[in-house]
file protein-v7.txt (compact mmCIF, C-alpha atoms)
# COMPACT_ATOMS: atom_id res chain seq x y z
CA MET A 1 170.73 160.20 1.76
CA ARG A 2 169.44 162.87 4.12
CA SER A 3 166.43 161.97 6.23
CA ILE A 4 163.44 164.29 6.06
CA TRP A 5 161.51 162.92 9.05
CA ASN A 6 162.31 160.93 12.18
CA GLY A 7 159.75 158.85 14.00
CA ALA A 8 158.65 155.26 14.50
CA ILE A 9 156.53 152.56 12.92
CA SER A 10 153.77 151.39 15.23
CA PHE A 11 153.22 147.67 14.57
CA GLY A 12 150.74 146.62 17.26
CA LEU A 13 152.68 147.01 20.50
CA VAL A 14 155.98 146.95 18.61
CA SER A 15 157.65 150.31 17.98
CA ILE A 16 160.35 150.54 15.29
CA PRO A 17 162.42 153.76 15.24
CA ILE A 18 162.91 154.82 11.63
CA LYS A 19 164.13 157.64 9.43
CA LEU A 20 162.20 158.73 6.35
CA VAL A 21 164.24 159.22 3.16
CA ASN A 22 163.05 160.29 -0.28
CA ALA A 23 163.08 157.26 -2.61
CA THR A 24 162.99 159.29 -5.83
CA GLU A 25 164.82 162.26 -7.27
CA ASN A 26 164.03 164.79 -9.97
CA HIS A 27 166.43 165.02 -12.92
CA ALA A 28 164.49 167.71 -14.78
CA ILE A 29 166.52 170.69 -15.98
CA SER A 30 165.52 173.87 -14.18
CA PHE A 31 165.58 177.36 -15.68
CA ARG A 32 165.91 180.85 -14.22
CA GLN A 33 163.67 183.72 -15.14
CA ILE A 34 165.52 186.59 -16.78
CA HIS A 35 164.79 190.01 -18.23
CA THR A 36 164.88 189.34 -22.00
CA GLU A 37 166.29 192.79 -22.81
CA ASP A 38 169.46 192.60 -20.72
CA GLY A 39 169.57 189.06 -19.30
CA GLY A 40 169.22 190.22 -15.70
CA ARG A 41 167.86 187.75 -13.15
CA ILE A 42 164.23 188.13 -12.10
CA ARG A 43 163.81 187.51 -8.38
CA TYR A 44 160.79 187.30 -6.13
CA ARG A 45 160.97 189.20 -2.88
CA LYS A 46 158.75 188.57 0.13
CA VAL A 47 157.31 191.85 1.29
CA CYS A 48 155.18 192.52 4.36
CA GLU A 49 152.01 194.35 3.28
CA VAL A 50 151.78 196.21 6.60
CA GLU A 51 155.35 197.54 6.85
CA GLU A 52 155.92 197.52 3.09
CA ARG A 53 159.42 196.11 3.46
CA GLU A 54 161.17 192.88 2.48
CA VAL A 55 161.36 190.30 5.28
CA THR A 56 163.72 187.37 5.86
CA SER A 57 162.73 183.71 6.11
CA SER A 58 163.21 183.74 9.88
CA GLU A 59 160.49 186.36 10.17
CA ILE A 60 157.91 184.36 8.18
CA GLY A 61 155.37 182.06 9.80
CA LYS A 62 152.04 180.52 8.76
CA ALA A 63 148.47 181.46 9.34
CA TYR A 64 145.00 180.32 8.33
CA GLU A 65 142.86 182.87 6.54
CA ASP A 66 139.31 182.88 7.89
CA ALA A 67 136.27 183.55 5.72
CA ASP A 68 136.23 187.23 6.75
CA GLY A 69 139.93 187.66 5.93
CA THR A 70 141.17 187.35 9.51
CA MET A 71 144.58 185.69 9.77
CA ILE A 72 144.84 183.04 12.52
CA PRO A 73 148.54 182.36 13.28
CA ILE A 74 149.54 178.67 13.49
CA THR A 75 153.01 177.74 14.76
CA ASP A 76 155.04 174.59 14.24
CA GLU A 77 154.65 173.90 17.97
CA ASP A 78 150.88 174.03 17.58
CA LEU A 79 150.99 171.40 14.87
CA ALA A 80 153.52 169.21 16.69
CA SER A 81 151.32 169.09 19.81
CA LEU A 82 148.15 167.98 18.00
CA PRO A 83 146.40 165.15 19.90
CA ILE A 84 146.79 162.56 17.12
CA PRO A 85 148.89 159.39 17.36
CA THR A 86 150.43 159.88 13.91
CA ALA A 87 152.27 163.11 14.77
CA ARG A 88 155.58 161.21 15.02
CA THR A 89 154.40 157.69 14.25
CA ILE A 90 153.62 155.69 11.13
CA GLU A 91 150.66 153.78 12.52
CA ILE A 92 149.89 150.53 10.67
CA VAL A 93 146.13 149.99 10.63
CA ALA A 94 145.73 146.98 8.29
CA PHE A 95 147.38 144.48 5.95
CA VAL A 96 145.80 143.95 2.52
CA PRO A 97 146.70 142.32 -0.83
CA ALA A 98 148.69 144.68 -3.05
CA ASP A 99 146.10 144.54 -5.85
CA ARG A 100 143.58 146.19 -3.53
CA ILE A 101 145.46 149.49 -3.96
CA ASP A 102 144.36 151.55 -6.95
CA PRO A 103 147.45 152.98 -8.75
CA LEU A 104 145.55 156.28 -8.96
CA GLN A 105 146.12 156.66 -5.22
CA MET A 106 149.92 156.36 -5.49
CA ASP A 107 151.84 159.47 -4.48
CA THR A 108 155.40 160.21 -3.33
CA ALA A 109 157.63 157.23 -2.45
CA TYR A 110 159.95 157.02 0.57
CA TYR A 111 162.44 154.55 2.01
CA LEU A 112 162.14 153.71 5.69
CA SER A 113 165.55 153.27 7.30
CA ALA A 114 166.06 151.61 10.68
CA ASN A 115 167.18 154.31 13.11
CA GLY A 116 169.88 152.78 15.27
CA VAL A 117 171.02 149.25 16.17
CA PRO A 118 168.02 148.42 18.46
CA ALA A 119 165.66 149.05 15.53
CA ALA A 120 167.31 146.43 13.30
CA LYS A 121 165.53 143.38 14.77
CA PRO A 122 161.93 144.68 14.74
CA TYR A 123 162.56 146.30 11.34
CA THR A 124 163.70 142.96 9.90
CA LEU A 125 160.76 141.21 11.53
CA LEU A 126 158.25 143.51 9.83
CA ARG A 127 160.08 143.26 6.50
CA GLU A 128 160.08 139.46 6.52
CA ALA A 129 156.46 139.31 7.67
CA LEU A 130 155.46 141.49 4.71
CA LYS A 131 157.45 139.26 2.34
CA ARG A 132 155.92 136.03 3.61
CA SER A 133 152.36 137.32 3.69
CA GLN A 134 152.68 138.85 0.19
CA LYS A 135 150.61 141.74 1.49
CA VAL A 136 151.16 145.45 1.97
CA ALA A 137 150.61 147.44 5.14
CA ILE A 138 148.20 150.37 5.19
CA ALA A 139 149.31 153.11 7.58
CA LYS A 140 148.54 156.66 8.65
CA PHE A 141 151.23 159.27 9.25
CA ALA A 142 151.58 163.04 9.55
CA LEU A 143 154.00 164.96 7.37
CA ARG A 144 154.31 168.63 6.40
CA GLY A 145 151.29 169.79 8.33
CA ARG A 146 148.75 167.14 7.36
CA GLU A 147 147.85 163.55 8.09
CA ARG A 148 148.40 161.21 5.19
CA LEU A 149 147.69 157.66 4.12
CA GLY A 150 150.55 155.34 3.27
CA MET A 151 151.30 151.88 1.92
CA LEU A 152 154.32 149.92 3.16
CA ARG A 153 155.91 147.26 0.95
CA VAL A 154 159.28 145.56 0.58
CA VAL A 155 161.78 146.70 -2.07
CA ASP A 156 164.92 144.52 -2.07
CA ASP A 157 165.83 144.47 1.64
CA VAL A 158 164.21 147.79 2.49
CA ILE A 159 160.72 148.76 3.60
CA ALA A 160 159.38 151.40 1.25
CA MET A 161 156.36 153.59 1.86
CA HIS A 162 154.18 155.10 -0.83
CA GLY A 163 152.11 158.07 0.16
CA LEU A 164 148.49 157.44 -0.84
CA LEU A 165 145.81 159.94 -1.69
CA TRP A 166 142.71 159.72 0.43
CA PRO A 167 139.81 158.07 -1.43
CA ASP A 168 137.87 161.34 -1.55
CA GLU A 169 140.85 162.99 -3.31
CA ILE A 170 140.38 160.79 -6.39
CA ARG A 171 138.12 162.49 -8.90
CA SER A 172 135.18 160.69 -10.45
CA THR A 173 135.50 159.37 -14.02
CA GLU A 174 132.15 160.84 -15.00
CA SER A 175 132.19 162.95 -18.18
CA VAL A 176 135.71 161.74 -19.04
CA ALA A 177 134.82 158.74 -21.24
CA PRO A 178 133.80 159.37 -24.88
CA ASP A 179 130.23 160.61 -25.20
CA ALA A 180 129.53 158.93 -28.53
CA ALA A 181 128.56 155.26 -28.68
CA VAL A 182 131.35 153.46 -30.54
CA THR A 183 131.43 149.87 -31.77
CA VAL A 184 134.81 148.20 -32.17
CA ARG A 185 134.98 145.43 -34.76
CA ASP A 186 136.72 142.11 -34.16
CA LYS A 187 139.17 142.81 -37.00
CA GLU A 188 140.24 146.03 -35.30
CA LEU A 189 140.71 144.20 -31.99
CA ASP A 190 142.77 141.52 -33.77
CA LEU A 191 145.06 144.19 -35.19
CA ALA A 192 145.32 145.94 -31.83
CA ASP A 193 146.26 142.60 -30.21
CA ALA A 194 148.86 141.99 -32.93
CA LEU A 195 150.36 145.45 -32.34
CA MET A 196 150.53 144.81 -28.59
CA ASP A 197 152.23 141.44 -29.18
CA THR A 198 154.70 142.94 -31.65
CA LEU A 199 155.67 145.80 -29.35
CA GLY A 200 156.06 143.22 -26.59
CA GLU A 201 157.62 144.03 -23.23
CA VAL A 202 160.32 146.48 -22.25
CA ASP A 203 163.00 146.71 -19.58
CA LEU A 204 162.10 149.96 -17.81
CA ALA A 205 165.76 150.41 -16.86
CA GLU A 206 166.58 150.91 -20.55
CA LEU A 207 164.18 153.84 -20.96
CA HIS A 208 165.59 157.36 -20.65
CA ASP A 209 164.50 160.97 -20.88
CA ASP A 210 164.99 162.02 -24.52
CA TYR A 211 163.66 165.51 -23.84
CA ARG A 212 166.20 166.19 -21.08
CA GLU A 213 169.05 164.97 -23.30
CA ALA A 214 167.87 167.23 -26.12
CA VAL A 215 167.74 170.22 -23.75
CA GLU A 216 171.27 169.44 -22.53
CA GLU A 217 172.51 169.35 -26.14
CA LEU A 218 170.75 172.65 -26.81
CA ILE A 219 172.40 174.28 -23.78
CA ALA A 220 175.83 172.92 -24.74
CA ALA A 221 175.46 174.18 -28.30
CA LYS A 222 174.40 177.68 -27.27
CA ALA A 223 177.13 177.85 -24.60
CA SER A 224 179.80 177.08 -27.21
CA GLY A 225 178.32 179.43 -29.78
CA GLU A 226 177.28 176.67 -32.16
CA ALA A 227 174.01 176.46 -34.01
CA ALA A 228 171.20 175.00 -31.95
CA PRO A 229 170.01 171.56 -33.14
CA SER A 230 166.67 171.66 -34.91
CA ALA A 231 163.94 169.06 -34.97
CA PRO A 232 163.16 167.30 -38.26
CA SER A 233 160.12 168.69 -40.03
CA ALA A 234 157.04 166.70 -39.12
CA GLU A 235 154.67 165.54 -41.82
CA LYS A 236 151.45 167.49 -41.79
CA SER A 237 148.33 165.37 -41.73
CA GLY A 238 146.18 168.18 -43.06
CA GLY A 239 143.41 167.34 -40.62
CA LYS A 240 142.42 164.24 -42.57
CA VAL A 241 140.36 161.56 -40.87
CA ILE A 242 142.63 158.59 -40.15
CA ASP A 243 141.48 155.17 -41.33
CA LEU A 244 141.78 153.09 -38.17
CA MET A 245 142.38 149.75 -39.89
CA SER A 246 145.08 151.22 -42.13
CA ALA A 247 146.75 152.94 -39.18
CA LEU A 248 146.78 149.69 -37.20
CA GLU A 249 148.19 147.68 -40.11
CA ASN A 250 150.97 150.23 -40.69
CA SER A 251 151.72 150.32 -36.97
CA VAL A 252 152.16 146.53 -36.87
CA ARG A 253 154.50 146.64 -39.89
CA GLN A 254 156.59 149.48 -38.44
CA ALA A 255 156.84 147.72 -35.08
CA ARG A 256 158.06 144.54 -36.79
CA VAL A 257 160.66 146.45 -38.81
CA ALA A 258 161.83 148.22 -35.64
CA ARG A 259 162.43 144.81 -34.06
CA GLY A 260 164.44 143.67 -37.07
CA GLU A 261 161.73 141.40 -38.40
CA ASP A 262 160.26 141.13 -41.87
CA ALA A 263 157.30 143.51 -42.10
CA ASP A 264 155.12 140.69 -43.46
CA SER A 265 156.47 137.94 -41.23
CA ALA A 266 154.24 135.91 -38.98
CA GLY A 267 156.01 137.01 -35.81
CA ALA A 268 152.78 138.56 -34.57
CA GLU A 269 149.88 136.81 -36.24
CA VAL A 270 147.02 138.91 -37.51
CA LYS A 271 144.23 136.62 -38.62
CA PRO A 272 142.26 139.18 -40.65
CA LEU A 273 145.35 140.11 -42.70
CA ARG A 274 146.18 136.46 -43.47
CA LYS A 275 142.62 135.78 -44.59
CA GLN A 276 142.58 138.78 -46.89
CA THR A 277 145.94 137.86 -48.39
CA ALA A 278 144.83 134.28 -49.00
CA ARG A 279 141.72 135.42 -50.84
CA LYS A 280 143.68 137.83 -53.05
CA THR A 281 146.43 135.39 -53.99
CA THR A 282 144.26 132.31 -54.65
CA ALA A 283 143.22 133.48 -58.13
CA SER A 284 146.63 134.82 -59.12
CA ALA A 285 148.44 131.71 -57.92
CA THR A 286 146.47 129.54 -60.37
CA LYS A 287 147.90 131.17 -63.53
CA PRO A 288 151.59 130.82 -62.64
CA ALA A 289 150.97 127.13 -61.92
CA SER A 290 149.98 126.49 -65.58
CA SER A 291 152.93 128.49 -66.92
CA LYS A 292 155.37 126.61 -64.75
CA LYS A 293 154.33 123.33 -66.43
CA LYS A 294 155.77 124.55 -69.76
CA THR A 295 159.12 125.46 -68.22
CA PRO A 296 161.60 122.60 -68.62
CA ALA A 297 162.98 121.34 -65.35
CA LYS A 298 166.65 121.96 -64.69
CA LYS A 299 168.90 119.23 -63.43
CA THR A 300 169.84 119.95 -59.89
CA THR A 301 171.45 118.15 -57.01
CA THR A 302 169.48 117.07 -53.97
CA LYS A 303 170.67 120.15 -52.12
CA SER A 304 169.47 122.58 -54.81
CA ALA A 305 166.15 120.76 -55.08
CA ALA A 306 165.61 121.30 -51.37
CA GLY A 307 166.43 124.97 -51.83
CA SER A 308 163.88 125.16 -54.64
CA LYS A 309 161.29 123.72 -52.31
CA LYS A 310 161.91 126.50 -49.82
CA THR A 311 161.80 129.15 -52.55
CA ALA A 312 158.54 127.84 -53.95
CA ALA A 313 157.03 127.62 -50.50
CA LYS A 314 157.99 131.22 -49.73
CA LYS A 315 156.57 132.58 -53.00
CA THR A 316 153.24 130.83 -52.64
CA THR A 317 152.43 131.71 -49.02
CA ASP A 318 148.80 131.08 -48.03
CA THR A 319 148.13 128.93 -51.18
CA PRO A 320 148.72 125.40 -49.85
CA PRO A 321 147.51 123.44 -52.97
CA ALA A 322 149.81 125.33 -55.41
CA LYS A 323 152.76 125.04 -53.00
CA LYS A 324 152.46 121.27 -52.61
CA THR A 325 152.07 120.65 -56.39
CA THR A 326 155.10 122.77 -57.28
CA ALA A 327 157.23 121.16 -54.60
CA ARG A 328 156.37 117.61 -55.71
CA LYS A 329 157.06 118.34 -59.40
CA ARG A 330 160.38 120.02 -58.69
CA ALA A 331 161.41 117.30 -56.31
CA SER A 332 160.62 114.58 -58.88
CA ALA A 333 162.55 116.51 -61.49
call {"tool": "encode", "arguments": {"input": "protein-v7.txt", "output": "structure tokens"}}
result
Amino acid sequence: MRSIWNGAISFGLVSIPIKLVNATENHAISFRQIHTEDGGRIRYRKVCEVEEREVTSSEIGKAYEDADGTMIPITDEDLASLPIPTARTIEIVAFVPADRIDPLQMDTAYYLSANGVPAAKPYTLLREALKRSQKVAIAKFALRGRERLGMLRVVDDVIAMHGLLWPDEIRSTESVAPDAAVTVRDKELDLADALMDTLGEVDLAELHDDYREAVEELIAAKASGEAAPSAPSAEKSGGKVIDLMSALENSVRQARVARGEDADSAGAEVKPLRKQTARKTTASATKPASSKKKTPAKKTTTKSAAGSKKTAAKKTTDTPPAKKTTARKRASA
């Protein structure tokens, strides 16, 4: 991996030469802009407004535009000679528990690689100190023309650094939350909890980019002259107001089916649903009990009687009295 920055970690009086390497990569599919009439490439050219001619990259520098429109040239040498200690140094300023860092502050991630054999010992020292303390290091560093905040932590046997946004770069949450006062019922919370339990956890390594794969299939189909794959027609809701309880119940059932479970199994218990089912089946379970008395008992072996017990217990879920009576009578038979 190519380094994008060379410098050192300042750890008190200890200096650790390091190289900065991007820890992430972008797999998104990029497109070119074309002229739709003839397919010609659309290109952007950098033109000097004074000379009205295209200029090369070597002729382009940077400048700050003042309030009156005056351009103040700033060179790379000007920025490199700024009187700040973080110009070529990742300066550790504190060590804090990891949960003190708000995920909203997280930005680009980098790997810090020891630069040379002499850097191996102090690098390992800092890495092991971070591991044992179970803390992260807060640091300041300068990159791409601005000073930044960073968080150093251990990933496997490497020190990683996450760029952090400055606290004043995080927008306030005012006016984002719902304006209306909403009351959530306990039954709705029970169903939400059941849905969360049913969905369970996931191995992030198993997740993949479905959109990118679909785009790749689209490109392959068009390149070979085949028909482009089309998405299945989505059901139109018609703008109807969704019943929250019904949506939650259906979500729990679908999640259970997706996991290969019975939609009405007790894999993720939902107390409100069990209570409602019990109330509905109590009255209906009484009538079959009387009709079963008139049915003559069949002679069965001990094994089939045990199977009958299980069948009766399954049919009369949530009606304990009827289940016990049926089981005893069939067992005695």
call {"tool": "closest_residue", "arguments": {"input": "protein-v7.txt", "among": "A:Gly7, A:Pro122, A:Gly145, A:Gly116", "to": "A:Asp76", "atoms": "only C-alpha atoms"}}
result
A:Gly145
call {"tool": "residues_near_point", "arguments": {"input": "protein-v7.txt", "point": "(153.9, 143.9, -36.0)", "cutoff": "6 Å", "atoms": "all atoms listed in the file", "output": "list of chain:residue names"}}
result
A:Leu195, A:Thr198, A:Val252, A:Arg253, A:Ala255, A:Arg256, A:Ala268
call {"tool": "axis_aligned_box", "arguments": {"input": "protein-v7.txt", "around": "stretch 124-130 of chain A", "padding_each_side": "8 Å", "output": "JSON"}}
result
{"center_x": 159.6, "center_y": 141.4, "center_z": 8.1, "size_x": 24.2, "size_y": 20.2, "size_z": 22.8}
call {"tool": "atom_distance", "arguments": {"input": "protein-v7.txt", "atom1": "atom CA of A:Ile90", "atom2": "atom CA of A:Ala8"}}
result
6.1 Å
call {"tool": "atom_distance", "arguments": {"input": "protein-v7.txt", "atom1": "atom CA of A:Glu147", "atom2": "atom CA of A:Thr124"}}
result
26.0 Å
call {"tool": "closest_residue", "arguments": {"input": "protein-v7.txt", "among": "A:Tyr111, A:Tyr211, A:Tyr123, A:Phe141", "to": "A:Val155", "atoms": "all atoms listed in the file"}}
result
A:Tyr111
call {"tool": "residues_around", "arguments": {"input": "protein-v7.txt", "residues": "A:Val93", "least_positions_apart": "2", "cutoff": "10 Å", "atoms": "all atoms listed in the file", "output": "ChimeraX atom specification"}}
result
/A:10-12,90-91,95,137-140
call {"tool": "atom_distance", "arguments": {"input": "protein-v7.txt", "atom1": "atom CA of A:Glu77", "atom2": "atom CA of A:Ser58"}}
result
15.3 Å
call {"tool": "closest_residue", "arguments": {"input": "protein-v7.txt", "among": "A:Ala119, A:Leu20, A:Ile72, A:Ala129", "to": "A:Arg88", "atoms": "all atoms listed in the file"}}
result
A:Leu20
call {"tool": "closest_residue", "arguments": {"input": "protein-v7.txt", "among": "A:Leu244, A:Ile92, A:Ala228, A:Leu143", "to": "A:Val14", "atoms": "all atoms listed in the file"}}
result
A:Ile92
call {"tool": "residues_around", "arguments": {"input": "protein-v7.txt", "residues": "A:Glu128", "least_positions_apart": "4", "cutoff": "12 Å", "atoms": "all atoms listed in the file", "output": "list of chain:residue names"}}
result
A:Lys121, A:Pro122, A:Tyr123, A:Thr124, A:Arg132, A:Ser133, A:Gln134, A:Lys135, A:Val136, A:Arg153, A:Val154, A:Val155, A:Asp156, A:Asp157, A:Val158, A:Ile159
call {"tool": "write_last_selection", "arguments": {"input": "protein-v7.txt", "atoms": "C-alpha atoms", "output": "PDB file, keeping the file's coordinate frame"}}
result
ATOM      1  CA  LYS A 121     165.530 143.380  14.770  1.00  0.00           C
ATOM      2  CA  PRO A 122     161.930 144.680  14.740  1.00  0.00           C
ATOM      3  CA  TYR A 123     162.560 146.300  11.340  1.00  0.00           C
ATOM      4  CA  THR A 124     163.700 142.960   9.900  1.00  0.00           C
ATOM      5  CA  ARG A 132     155.920 136.030   3.610  1.00  0.00           C
ATOM      6  CA  SER A 133     152.360 137.320   3.690  1.00  0.00           C
ATOM      7  CA  GLN A 134     152.680 138.850   0.190  1.00  0.00           C
ATOM      8  CA  LYS A 135     150.610 141.740   1.490  1.00  0.00           C
ATOM      9  CA  VAL A 136     151.160 145.450   1.970  1.00  0.00           C
ATOM     10  CA  ARG A 153     155.910 147.260   0.950  1.00  0.00           C
ATOM     11  CA  VAL A 154     159.280 145.560   0.580  1.00  0.00           C
ATOM     12  CA  VAL A 155     161.780 146.700  -2.070  1.00  0.00           C
ATOM     13  CA  ASP A 156     164.920 144.520  -2.070  1.00  0.00           C
ATOM     14  CA  ASP A 157     165.830 144.470   1.640  1.00  0.00           C
ATOM     15  CA  VAL A 158     164.210 147.790   2.490  1.00  0.00           C
ATOM     16  CA  ILE A 159     160.720 148.760   3.600  1.00  0.00           C
TER      17      ILE A 159
END
call {"tool": "residues_near_point", "arguments": {"input": "protein-v7.txt", "point": "(160.0, 161.3, 6.0)", "cutoff": "12 Å", "atoms": "only C-alpha atoms", "output": "MDAnalysis selection string"}}
result
chainID A and resid 1:9 18:23 87:90 108:113 141:144 148 150 160:163
